[in-house]
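Enquirer: If you scroll down you'll find the structure; I have some questions about it.
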Amino acid sequence: MPDDRDDAHNGLTSDGYTTEEERNAYVIKRIEEKLDDYQGYDFSMREVRALNIFFELAQEFRGRDMFYAVCMMIPRSLFGLECNIYLLEDEETFALAGCSTSSCDVDRTYTWNNRFTNRVVRHEDRLYIPINCNPEFADLLPFNPPHNIIGSFEFFPCNEIDDNALLFLEKFVNRVGFQLHHRIIRSRNREHLQFIKSMVQDIGHNVIVPNMYFKLYFNRLKRQIEQLHVITEKVLSMMVVCSTPDCVEQGNSLARTTASIERQYKEIYRHYETTSMFLETLLRRRHFEEGRYVLVKREVNLRVQVLEPQLERYRQRLDERGIELNFAMGGAPDQMIRLVMDPGLIAQVYANFFSNAIKYTKKSTLPDGRTGKFVSYGWEVIKDFFGEGAPGIRMWVTSTGNSLNLEDPLDVFKPGYRAGNVASESGTGRGLYFVRQVVELHKGTVGYRHTQYGNEFSFTLPFEQRVEPD
């Protein structure tokens, strides 16, 4: 769903108007145009009342069948016209949805032909008027409707329908189409929500719970590695007795293999812990139930529990690209910081920052004269940042490289945005938008600036040190 704040960064409202006054002026203009239109229609009082009755009853009845009955009974009771309603069930097939006569002696399906088309058609005593959808929301339908048509309205007998009555029926069917379209969307949304609720239960049963068993397997593996260390120590002790070169080499090889297995175990376990935290954080049931990210906040040690585990996660990839950690650009103070946050979501904020640093860090020269690719991180407490007596804590990750050349520094936090000078690296433009969502959910702000050393991505959170009750 579009976010008004994205347009606010451009000085535009969500509907493309710069100010509320401009929007209001446009709506007034359209109202006046509609008044002129209705004067030109010259509808009879009965026709005007038919439209009013349709709108009122369409709001009163919720079920799809009752809605069809309203659409068909208004022409029948007010104008003596029988009718059939056909809806497109796919791009090619019109299926009968309802008929005003008790016999309903008609074919149940049709394909596009000289009557079921995108034009108004008179055929013998029948009148066929296409049912148009709202083109603004056509992408929310199960398929792309040809010509923005979702069905056809068949009226009969229409031998004596004049042009004015035809215009009324077209307007009536137009209103039917827009109402029907929104009902289809609402029905799909309800089905979608039901699917999500079912999927959340499946996630808990088939993903989260089985993932917890990995912890058991890791504990078992850890005990086996500890036992392997004990065996290795015994073998090394026995080498004193068997001191041949081959015996020594085999013992040393066993020691090296044991140490390598332990390193691999620790690396895999570290990734497991991060992945588990991300899974449990992103797939919380409340996210899906409430349709938004829901925070689970607690007091944590920023460096030890949130930041450094993410840095370690990316350490090998940083090393592979020759990127060093260097605080000559300004870095983390020595003091321990404890604050209240959702550690799982904020950890993913840092994960996005470090992932971007791996992709986009370039060579640069630091104040100490060193040249290379560098990254640093830090934080500072800012008094009264969120108002008097409401301090903030600004946290950042800086990496060397060229400026992103943004007209507005916040452009980079828009969904799908990718700067023109990063096309050589893969990406979706979603990462920093996710960062902004998480930070703003914490009542914080995001920021970007290019310093003399490189690109600094930051976020500032309220400096809370106790969990507020829900």
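All residue names refer to the structure tokens as shown: chains lettered A, B, ... in order, residues numbered from 1 in each chain, ligands numbered from 1 in order.
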Which residues in range 106-207 of chain A does DSSP call strand (DSSP E or B)? List them as a PyMOL selection string.
Expert: chain A and resi 109-111+121-123+126-132+149-156
Enquirer: Using the selection just defined, write its residues with C-alpha atoms as a tab-separated table (two decimals), in the first residue's frame.
Expert:
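For reference, selection-v8.tsv as written:
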chain	number	residue	atom	x	y	z
A	109	THR	CA	-21.62	-19.49	-20.23
A	110	TYR	CA	-20.49	-17.46	-23.23
A	111	THR	CA	-17.21	-16.37	-24.71
A	121	VAL	CA	-25.00	-3.90	-28.32
A	122	ARG	CA	-28.65	-4.13	-29.39
A	123	HIS	CA	-29.63	-7.60	-30.57
A	126	ARG	CA	-32.08	-7.56	-26.09
A	127	LEU	CA	-29.67	-4.90	-24.88
A	128	TYR	CA	-26.15	-5.88	-23.78
A	129	ILE	CA	-24.18	-3.37	-21.70
A	130	PRO	CA	-20.64	-4.28	-20.59
A	131	ILE	CA	-19.94	-4.07	-16.85
A	132	ASN	CA	-16.81	-1.97	-16.33
A	149	ILE	CA	-14.61	-5.29	-18.30
A	150	ILE	CA	-15.70	-7.78	-15.64
A	151	GLY	CA	-19.04	-8.85	-17.08
A	152	SER	CA	-22.12	-8.02	-19.14
A	153	PHE	CA	-25.69	-6.91	-18.25
A	154	GLU	CA	-28.44	-8.24	-20.51
A	155	PHE	CA	-31.78	-6.34	-20.52
A	156	PHE	CA	-35.03	-7.32	-22.25
Enquirer: Tell me, as an MDAnalysis selection string, which residues lie within 9 Å of range 157-159 of chain A, counting only C-alpha atoms; anything in the same chain fewer than 3 positions away does not count.
Expert: chainID A and resid 80:83 122 124:127 162
Enquirer: For the residues in that selection, give me N, CA and C atoms as a PDB file, in the first residue's frame.
Expert:
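Saved to selection14.pdb:
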ATOM      1  N   GLY A  80     -39.878  -2.254 -15.716  1.00  0.00           N
ATOM      2  CA  GLY A  80     -40.453  -3.393 -16.435  1.00  0.00           C
ATOM      3  C   GLY A  80     -39.460  -4.131 -17.299  1.00  0.00           C
ATOM      4  N   LEU A  81     -38.191  -4.117 -16.936  1.00  0.00           N
ATOM      5  CA  LEU A  81     -37.144  -4.782 -17.716  1.00  0.00           C
ATOM      6  C   LEU A  81     -36.632  -6.013 -16.973  1.00  0.00           C
ATOM      7  N   GLU A  82     -36.632  -7.146 -17.663  1.00  0.00           N
ATOM      8  CA  GLU A  82     -35.974  -8.330 -17.121  1.00  0.00           C
ATOM      9  C   GLU A  82     -34.481  -8.236 -17.439  1.00  0.00           C
ATOM     10  N   CYS A  83     -33.685  -8.995 -16.705  1.00  0.00           N
ATOM     11  CA  CYS A  83     -32.244  -8.912 -16.985  1.00  0.00           C
ATOM     12  C   CYS A  83     -31.510 -10.156 -16.507  1.00  0.00           C
ATOM     13  N   ARG A 122     -27.238  -3.776 -29.272  1.00  0.00           N
ATOM     14  CA  ARG A 122     -28.654  -4.129 -29.389  1.00  0.00           C
ATOM     15  C   ARG A 122     -28.753  -5.370 -30.278  1.00  0.00           C
ATOM     16  N   GLU A 124     -31.867  -7.965 -31.483  1.00  0.00           N
ATOM     17  CA  GLU A 124     -33.294  -8.288 -31.425  1.00  0.00           C
ATOM     18  C   GLU A 124     -33.929  -7.444 -30.315  1.00  0.00           C
ATOM     19  N   ASP A 125     -34.582  -8.073 -29.328  1.00  0.00           N
ATOM     20  CA  ASP A 125     -35.197  -7.264 -28.266  1.00  0.00           C
ATOM     21  C   ASP A 125     -34.287  -7.170 -27.041  1.00  0.00           C
ATOM     22  N   ARG A 126     -33.014  -7.528 -27.213  1.00  0.00           N
ATOM     23  CA  ARG A 126     -32.084  -7.555 -26.091  1.00  0.00           C
ATOM     24  C   ARG A 126     -31.099  -6.380 -26.172  1.00  0.00           C
ATOM     25  N   LEU A 127     -30.674  -5.948 -24.988  1.00  0.00           N
ATOM     26  CA  LEU A 127     -29.665  -4.901 -24.880  1.00  0.00           C
ATOM     27  C   LEU A 127     -28.540  -5.427 -23.997  1.00  0.00           C
ATOM     28  N   ASP A 162     -35.351   4.269 -25.778  1.00  0.00           N
ATOM     29  CA  ASP A 162     -34.809   5.385 -26.552  1.00  0.00           C
ATOM     30  C   ASP A 162     -33.417   5.733 -26.039  1.00  0.00           C
TER      31      ASP A 162
END
Enquirer: Excluding Leu325 in chain A and its own-chain neighbours fewer than 3 positions away, which residues fall within 10 Å of it when counting only C-alpha atoms? Please give them as number ranges by chain.
Expert: A: 311, 315, 318-319, 328, 331, 373-377, 399
Enquirer: If you run DSSP over the backbone, which residues in range 174-420 of chain A end up alpha helix (DSSP H)? Put them as JSON, numbers by chain.
Expert: {"A": [174, 175, 176, 177, 178, 179, 180, 181, 182, 183, 184, 185, 186, 187, 188, 189, 190, 191, 192, 193, 194, 195, 196, 197, 198, 199, 200, 201, 202, 203, 209, 210, 211, 212, 213, 214, 215, 216, 217, 218, 219, 220, 221, 222, 223, 224, 225, 226, 227, 228, 229, 230, 231, 232, 233, 234, 235, 236, 237, 238, 245, 246, 247, 248, 249, 250, 251, 252, 253, 254, 255, 256, 257, 258, 259, 260, 261, 262, 263, 264, 265, 266, 267, 268, 269, 270, 271, 272, 273, 274, 275, 276, 277, 278, 279, 280, 281, 282, 285, 286, 287, 288, 289, 290, 308, 309, 310, 311, 312, 313, 314, 315, 316, 317, 318, 319, 320, 343, 344, 345, 346, 347, 348, 349, 350, 351, 352, 353, 354, 355, 356, 357, 358, 359, 360]}
Enquirer: With C-alpha atoms kept, could you save the residues just selected as a tab-separated table (two decimals), in the first residue's frame?
Expert:
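What follows is the written file again-v2.tsv:
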chain	number	residue	atom	x	y	z
A	174	ASN	CA	-21.54	1.64	-14.48
A	175	ARG	CA	-22.47	2.01	-10.83
A	176	VAL	CA	-23.19	-1.69	-10.59
A	177	GLY	CA	-19.73	-2.40	-11.99
A	178	PHE	CA	-17.85	-0.26	-9.49
A	179	GLN	CA	-19.84	-1.63	-6.55
A	180	LEU	CA	-19.38	-5.19	-7.78
A	181	HIS	CA	-15.68	-4.67	-8.34
A	182	HIS	CA	-15.17	-3.52	-4.74
A	183	ARG	CA	-17.22	-6.42	-3.43
A	184	ILE	CA	-15.02	-8.85	-5.37
A	185	ILE	CA	-11.93	-7.18	-3.89
A	186	ARG	CA	-13.37	-7.35	-0.36
A	187	SER	CA	-14.17	-11.02	-0.85
A	188	ARG	CA	-10.64	-11.71	-2.08
A	189	ASN	CA	-9.23	-9.77	0.86
A	190	ARG	CA	-11.24	-11.88	3.29
A	191	GLU	CA	-9.97	-15.03	1.58
A	192	HIS	CA	-6.45	-13.62	1.68
A	193	LEU	CA	-6.70	-12.88	5.41
A	194	GLN	CA	-8.04	-16.35	6.07
A	195	PHE	CA	-5.14	-17.81	4.11
A	196	ILE	CA	-2.66	-15.72	6.11
A	197	LYS	CA	-4.17	-16.88	9.41
A	198	SER	CA	-3.89	-20.48	8.25
A	199	MET	CA	-0.37	-19.91	6.97
A	200	VAL	CA	0.73	-18.42	10.32
A	201	GLN	CA	-0.41	-21.58	12.07
A	202	ASP	CA	1.47	-23.65	9.49
A	203	ILE	CA	4.59	-21.52	10.00
A	209	VAL	CA	8.83	-25.58	16.17
A	210	PRO	CA	11.08	-27.81	13.97
A	211	ASN	CA	13.74	-25.08	14.01
A	212	MET	CA	13.84	-25.33	17.81
A	213	TYR	CA	14.96	-28.94	17.49
A	214	PHE	CA	18.14	-27.78	15.81
A	215	LYS	CA	19.19	-26.39	19.20
A	216	LEU	CA	19.03	-29.92	20.57
A	217	TYR	CA	21.10	-31.25	17.67
A	218	PHE	CA	23.67	-28.50	18.14
A	219	ASN	CA	23.98	-29.35	21.84
A	220	ARG	CA	24.55	-33.00	20.95
A	221	LEU	CA	27.16	-32.02	18.38
A	222	LYS	CA	28.88	-29.77	20.90
A	223	ARG	CA	29.19	-32.69	23.35
A	224	GLN	CA	30.64	-34.86	20.57
A	225	ILE	CA	33.22	-32.16	19.76
A	226	GLU	CA	34.13	-31.91	23.45
A	227	GLN	CA	34.60	-35.68	23.50
A	228	LEU	CA	36.74	-35.40	20.36
A	229	HIS	CA	38.96	-32.90	22.19
A	230	VAL	CA	39.38	-35.37	25.06
A	231	ILE	CA	40.35	-38.15	22.63
A	232	THR	CA	42.77	-35.81	20.85
A	233	GLU	CA	44.46	-34.94	24.16
A	234	LYS	CA	44.91	-38.65	24.87
A	235	VAL	CA	46.37	-39.26	21.42
A	236	LEU	CA	48.79	-36.36	21.83
A	237	SER	CA	49.87	-37.76	25.20
A	238	MET	CA	50.46	-41.17	23.63
A	245	PRO	CA	57.59	-38.93	12.60
A	246	ASP	CA	54.52	-40.67	11.20
A	247	CYS	CA	52.93	-40.98	14.63
A	248	VAL	CA	53.60	-37.31	15.42
A	249	GLU	CA	52.19	-36.21	12.08
A	250	GLN	CA	49.00	-38.24	12.56
A	251	GLY	CA	48.53	-36.82	16.04
A	252	ASN	CA	49.05	-33.26	14.84
A	253	SER	CA	46.67	-33.87	11.94
A	254	LEU	CA	44.01	-35.07	14.38
A	255	ALA	CA	44.51	-31.94	16.52
A	256	ARG	CA	44.21	-29.66	13.49
A	257	THR	CA	41.07	-31.46	12.30
A	258	THR	CA	39.49	-31.22	15.75
A	259	ALA	CA	40.20	-27.49	15.95
A	260	SER	CA	38.84	-26.98	12.42
A	261	ILE	CA	35.62	-28.87	13.24
A	262	GLU	CA	35.13	-26.71	16.33
A	263	ARG	CA	35.63	-23.50	14.32
A	264	GLN	CA	33.14	-24.68	11.71
A	265	TYR	CA	30.69	-25.64	14.44
A	266	LYS	CA	30.91	-22.19	16.05
A	267	GLU	CA	30.43	-20.48	12.68
A	268	ILE	CA	27.39	-22.61	11.80
A	269	TYR	CA	25.92	-22.18	15.26
A	270	ARG	CA	26.35	-18.40	15.07
A	271	HIS	CA	24.44	-18.34	11.77
A	272	TYR	CA	21.80	-20.63	13.24
A	273	GLU	CA	21.25	-18.27	16.18
A	274	THR	CA	20.87	-15.26	13.87
A	275	THR	CA	18.61	-17.06	11.42
A	276	SER	CA	16.43	-18.39	14.24
A	277	MET	CA	16.09	-14.92	15.72
A	278	PHE	CA	15.17	-13.45	12.32
A	279	LEU	CA	12.63	-16.22	11.66
A	280	GLU	CA	10.97	-15.85	15.04
A	281	THR	CA	11.01	-12.03	14.77
A	282	LEU	CA	9.68	-11.71	11.21
A	285	ARG	CA	1.84	-14.37	14.70
A	286	ARG	CA	0.89	-10.84	15.80
A	287	HIS	CA	2.49	-9.33	12.68
A	288	PHE	CA	-0.02	-11.23	10.55
A	289	GLU	CA	-2.97	-10.83	12.87
A	290	GLU	CA	-2.58	-7.05	13.12
A	308	GLU	CA	28.41	-7.28	17.38
A	309	PRO	CA	26.58	-10.55	16.56
A	310	GLN	CA	25.60	-8.99	13.22
A	311	LEU	CA	29.13	-7.73	12.63
A	312	GLU	CA	30.48	-11.23	13.29
A	313	ARG	CA	27.89	-12.65	10.91
A	314	TYR	CA	29.32	-10.54	8.10
A	315	ARG	CA	32.98	-10.63	9.21
A	316	GLN	CA	34.06	-13.27	6.69
A	317	ARG	CA	32.39	-11.48	3.76
A	318	LEU	CA	33.97	-8.19	4.85
A	319	ASP	CA	37.36	-9.90	4.91
A	320	GLU	CA	36.78	-11.46	1.48
A	343	PRO	CA	16.36	-6.68	19.55
A	344	GLY	CA	15.31	-9.00	16.74
A	345	LEU	CA	14.12	-6.17	14.47
A	346	ILE	CA	16.95	-3.75	15.32
A	347	ALA	CA	19.46	-6.54	14.70
A	348	GLN	CA	18.03	-6.74	11.18
A	349	VAL	CA	18.53	-2.99	10.80
A	350	TYR	CA	22.23	-3.50	11.46
A	351	ALA	CA	22.24	-6.54	9.19
A	352	ASN	CA	20.98	-4.34	6.34
A	353	PHE	CA	23.62	-1.68	7.07
A	354	PHE	CA	26.49	-4.21	7.11
A	355	SER	CA	25.14	-6.00	4.02
A	356	ASN	CA	25.10	-2.69	2.13
A	357	ALA	CA	28.60	-1.88	3.37
A	358	ILE	CA	29.87	-5.13	1.84
A	359	LYS	CA	28.32	-4.22	-1.53
A	360	TYR	CA	29.16	-0.55	-1.80
Enquirer: If you measure from CA of Asp90 in chain A to CA of Phe143 in chain A, what distance in Å do you get, rounded to one decimal?
Expert: 6.7 Å
